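Below you'll find the structure, written out as structure tokens, and then a few comments.
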Amino acid sequence: MVLKSDKNLSYNLLKLLEENPDINQRQLAHELGLSLGKINYCLQAMIAKGLVKAKNFKNNNNKLAYAYLLTPHGIEEKVRLTFEYFRHVESQYEILLKEVESLRERNLNDASSATKDAEAGVKS
């Protein structure tokens with residue numbers, strides 16, 4: 001299951017379509033953990049924005065099916081979302097790194113204080 005924020009959903013949907021253009025909406029819904037209606041709504045919005053193009057073809061059972069192809073604009077959007085995600089992760093990493101450093105300093109100070117207290121107790 002993937003995160004369901006709009007940006008993450010867009011990225012994951014574009015990624016799945018790029019990797020497997022002949023995937024159907026039911027498979028997309030299953031992969032993303034979303035309803036079929038939500039997938040249909042998102043695909044229609046992406047088609048309207050010019051990110052995805054749907055092409056008709058006949059599948060093995062002679063039924064009409066669609067291939068969802070990323071347009072050049074869709075590829076650009078996927079790249080933009082990828083970089084945006086990496087910038088977000090990098091900023092989160094920096095915040096966590098500072099927090100870890102702060103905790104290490106606090107632990108060292110606590111350990112140093114405990115050692116001094118123990119030494120003072122032995123001298124008394």
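Naming works like this for the structure tokens: A, B, ... for the chains as they're shown, residue 1 at the start of each chain, ligands 1 onward in shown order.
Counting only C-alpha atoms, region 2-19 of chain A has the following residues at most 9 Å away, ignoring those fewer than 2 positions along the same chain: Pro21, Asp22, Ile23, Leu28, Glu31, Leu32, Gly33, Leu34, Ile39, Cys42, Leu43, Met46, Leu51, Val52, Ala67, Tyr68, Leu69, Leu70, Gly74, Ile75, Glu77, Lys78, Val79, Leu81, Thr82 and Tyr85 of chain A.
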Name the residues of region 1-122 of chain A that come out as helix (DSSP H, G or I) in a backbone DSSP run; write them as number ranges by chain. A: 6-19, 25-32, 36-49, 72-122
For Ala65 (chain A), the closest of A:Asn20, A:Arg80, A:Asn109, A:Gln25 counting only C-alpha atoms is A:Gln25
So which residues of chain A fall under strand (DSSP E) by DSSP, listed as a CSV table (one decimal) with N, CA and C atoms, in the first residue's frame?
chain,number,residue,atom,x,y,z
A,52,VAL,N,-1.5,12.0,-19.4
A,52,VAL,CA,-1.7,10.6,-19.8
A,52,VAL,C,-2.6,10.6,-21.0
A,53,LYS,N,-2.3,9.7,-21.9
A,53,LYS,CA,-3.1,9.5,-23.1
A,53,LYS,C,-3.6,8.1,-23.1
A,54,ALA,N,-4.9,7.9,-23.4
A,54,ALA,CA,-5.5,6.5,-23.4
A,54,ALA,C,-5.7,6.1,-24.8
A,55,LYS,N,-5.2,4.9,-25.2
A,55,LYS,CA,-5.3,4.4,-26.5
A,55,LYS,C,-6.1,3.1,-26.4
A,56,ASN,N,-7.1,3.0,-27.3
A,56,ASN,CA,-7.9,1.8,-27.4
A,56,ASN,C,-7.2,0.7,-28.2
A,57,PHE,N,-7.4,-0.6,-27.7
A,57,PHE,CA,-6.9,-1.7,-28.5
A,57,PHE,C,-7.7,-2.9,-28.1
A,58,LYS,N,-7.7,-4.0,-28.9
A,58,LYS,CA,-8.4,-5.2,-28.6
A,58,LYS,C,-7.4,-6.1,-27.8
A,64,LEU,N,-12.4,-4.7,-25.9
A,64,LEU,CA,-11.8,-3.4,-26.0
A,64,LEU,C,-11.0,-3.1,-24.7
A,65,ALA,N,-9.8,-2.7,-24.8
A,65,ALA,CA,-9.0,-2.4,-23.6
A,65,ALA,C,-8.3,-1.0,-23.9
A,66,TYR,N,-7.6,-0.5,-22.9
A,66,TYR,CA,-6.9,0.7,-23.0
A,66,TYR,C,-5.4,0.5,-22.7
A,67,ALA,N,-4.6,1.3,-23.3
A,67,ALA,CA,-3.2,1.4,-23.0
A,67,ALA,C,-3.0,2.9,-22.5
A,68,TYR,N,-2.5,3.1,-21.3
A,68,TYR,CA,-2.3,4.4,-20.7
A,68,TYR,C,-0.9,4.8,-20.9
A,69,LEU,N,-0.7,5.8,-21.8
A,69,LEU,CA,0.7,6.2,-22.1
A,69,LEU,C,1.0,7.6,-21.5
A,70,LEU,N,2.1,7.8,-20.9
A,70,LEU,CA,2.5,9.1,-20.4
A,70,LEU,C,2.9,10.0,-21.6
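Atom to atom, CA of Asn40 (chain A) and CA of Glu76 (chain A) stand 21.8 Å apart.
Note that the spacing between CA of Lys49 (chain A) and CA of His73 (chain A) amounts to 8.9 Å.
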